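*Asks:* Handing you a structure now.
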Amino acid sequence: MDAIFEHIDFNENPLFERIITDISIQQFSIIDNFFTDDEVEVLRQSLLQKYDDDAFKKAAIGNKLNETIEKSIRGDVILWMDETKADDAEQLFFNKINQLVNYLNKTCFLGILHKEFHYAIYPIGTFYKRHIDTFQNDDRRKLSFVCYLNEDGWAAENGGELCLYLNENNQEVEKNIYPLPGRVVIFESQSIEHEVKTVHSQRLSVTGWLKTR
């Protein structure tokens, strides 16, 4: 498989280096300590407060030039995050994301210039069918990012796993990733098809993309 990173040495950050290595080898990375437990709790409470304030809207498919709402494809509700208007919880989130972006740009010449993130809630019984995170008229998304904000004790029977469809030795392999609290998944936006399996308990996350020009 082709790697998206051309790596040089820089003041090494072990966590970020692990992400780079993972994506270079397998096109995705799973990290369970990207945010601390306290940071995850702050973000969870921020999401829930905004949901209580009725700020979320039904998610659409397609980009902003061609958006449609299609319940048979996805069922989540979302709220876009605006870094210029970030509250304390969101600033905490963006501080860590900006550290990662700066590191990737300096060590891997990735050219990340933009980012977009939103809170996401999947109510019971919803899903997001198999898709890829790029559009015919917009291929700027480079890396997809999801951070799970569920409460402790998420069980397999709650569903909501992220399924990555991978190519291993010319065979399709499914990689199922459960949305454990604090878990972060990063993967190549233009290479990996994926879906969210049906959830049986409300599923919370922050989802977004790191984008080139």
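Chain identifiers are assigned as A, B, and so on, following the order in which chains appear in the structure tokens; residues are numbered from 1 within each chain, and ligands are numbered from 1 in order of appearance.
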Could you name the residues that touch region 105-120 of chain A at 9 Å or less, counting only C-alpha atoms, but leaving out those on the same chain fewer than 2 positions away, as a ChimeraX atom specification?
*Replies:* /A:4-10,20,47,56,59,76-82,100-103,122,140-142,145,203-213
*Asks:* Could you write out that same residue set with C-alpha atoms as a PDB file, in the first residue's frame?
*Replies:*
ATOM      1  CA  ILE A   4       0.953   9.223   2.646  1.00  0.00           C
ATOM      2  CA  PHE A   5       3.863  10.186   4.905  1.00  0.00           C
ATOM      3  CA  GLU A   6       7.402  11.178   3.978  1.00  0.00           C
ATOM      4  CA  HIS A   7       8.951  11.308   7.419  1.00  0.00           C
ATOM      5  CA  ILE A   8      11.944  13.250   8.801  1.00  0.00           C
ATOM      6  CA  ASP A   9      13.260  13.430  12.360  1.00  0.00           C
ATOM      7  CA  PHE A  10      11.900  16.191  14.585  1.00  0.00           C
ATOM      8  CA  ILE A  20       2.655   8.163  11.966  1.00  0.00           C
ATOM      9  CA  LEU A  47     -21.496  17.709  24.052  1.00  0.00           C
ATOM     10  CA  PHE A  56     -27.817  19.641  17.146  1.00  0.00           C
ATOM     11  CA  ALA A  59     -26.606  15.025   9.651  1.00  0.00           C
ATOM     12  CA  ASP A  76     -26.695  10.678  13.499  1.00  0.00           C
ATOM     13  CA  VAL A  77     -27.273  14.245  14.653  1.00  0.00           C
ATOM     14  CA  ILE A  78     -24.339  16.664  14.683  1.00  0.00           C
ATOM     15  CA  LEU A  79     -23.150  20.080  15.780  1.00  0.00           C
ATOM     16  CA  TRP A  80     -20.225  21.691  13.960  1.00  0.00           C
ATOM     17  CA  MET A  81     -17.399  23.039  16.128  1.00  0.00           C
ATOM     18  CA  ASP A  82     -16.101  26.539  15.367  1.00  0.00           C
ATOM     19  CA  LEU A 100      -0.791  16.967  16.075  1.00  0.00           C
ATOM     20  CA  VAL A 101      -1.240  19.000  12.876  1.00  0.00           C
ATOM     21  CA  ASN A 102       1.930  21.000  13.496  1.00  0.00           C
ATOM     22  CA  TYR A 103       3.862  17.810  14.166  1.00  0.00           C
ATOM     23  CA  TYR A 122     -26.074   8.346  17.229  1.00  0.00           C
ATOM     24  CA  ARG A 140      -9.054  17.866   0.343  1.00  0.00           C
ATOM     25  CA  ARG A 141      -9.720  15.507   3.258  1.00  0.00           C
ATOM     26  CA  LYS A 142      -6.461  13.737   4.113  1.00  0.00           C
ATOM     27  CA  PHE A 145     -10.451  11.498  13.004  1.00  0.00           C
ATOM     28  CA  ARG A 203     -23.171   6.785  21.000  1.00  0.00           C
ATOM     29  CA  LEU A 204     -21.215  10.030  21.491  1.00  0.00           C
ATOM     30  CA  SER A 205     -18.153  11.308  19.637  1.00  0.00           C
ATOM     31  CA  VAL A 206     -16.233  14.138  18.056  1.00  0.00           C
ATOM     32  CA  THR A 207     -15.588  13.460  14.386  1.00  0.00           C
ATOM     33  CA  GLY A 208     -13.656  15.405  11.772  1.00  0.00           C
ATOM     34  CA  TRP A 209     -11.033  15.709   9.091  1.00  0.00           C
ATOM     35  CA  LEU A 210      -7.601  17.171   8.543  1.00  0.00           C
ATOM     36  CA  LYS A 211      -7.523  18.778   5.113  1.00  0.00           C
ATOM     37  CA  THR A 212      -5.040  20.031   2.551  1.00  0.00           C
ATOM     38  CA  ARG A 213      -5.530  23.159   0.453  1.00  0.00           C
TER      39      ARG A 213
END
*Asks:* Could you please determine the separation between CA of Gly125 (chain A) and CA of Gly159 (chain A) in Å, to one decimal place?
*Replies:*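 Interatomic distance, CA of Gly125 (chain A) to CA of Gly159 (chain A): 9.6 Å.
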*Asks:* Name the residues of region 48-201 of chain A that come out as helix (DSSP H, G or I) in a backbone DSSP run; write them as a VMD selection string.
*Replies:* chain A and resid 48 to 52 83 to 85 88 to 108 156 to 158
*Asks:* So which residues touch region 176-185 of chain A within 6 Å, counting only C-alpha atoms, skipping near sequence neighbours fewer than 3 positions away, as a list in words?
*Replies:*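 Everything that qualifies: Ser29, Ile30, Ile31, Asp32, Val40, Phe145, Val146, Cys147, Tyr148, Leu149, Asn150, Glu151, Glu161, Leu162 and Cys163 of chain A.
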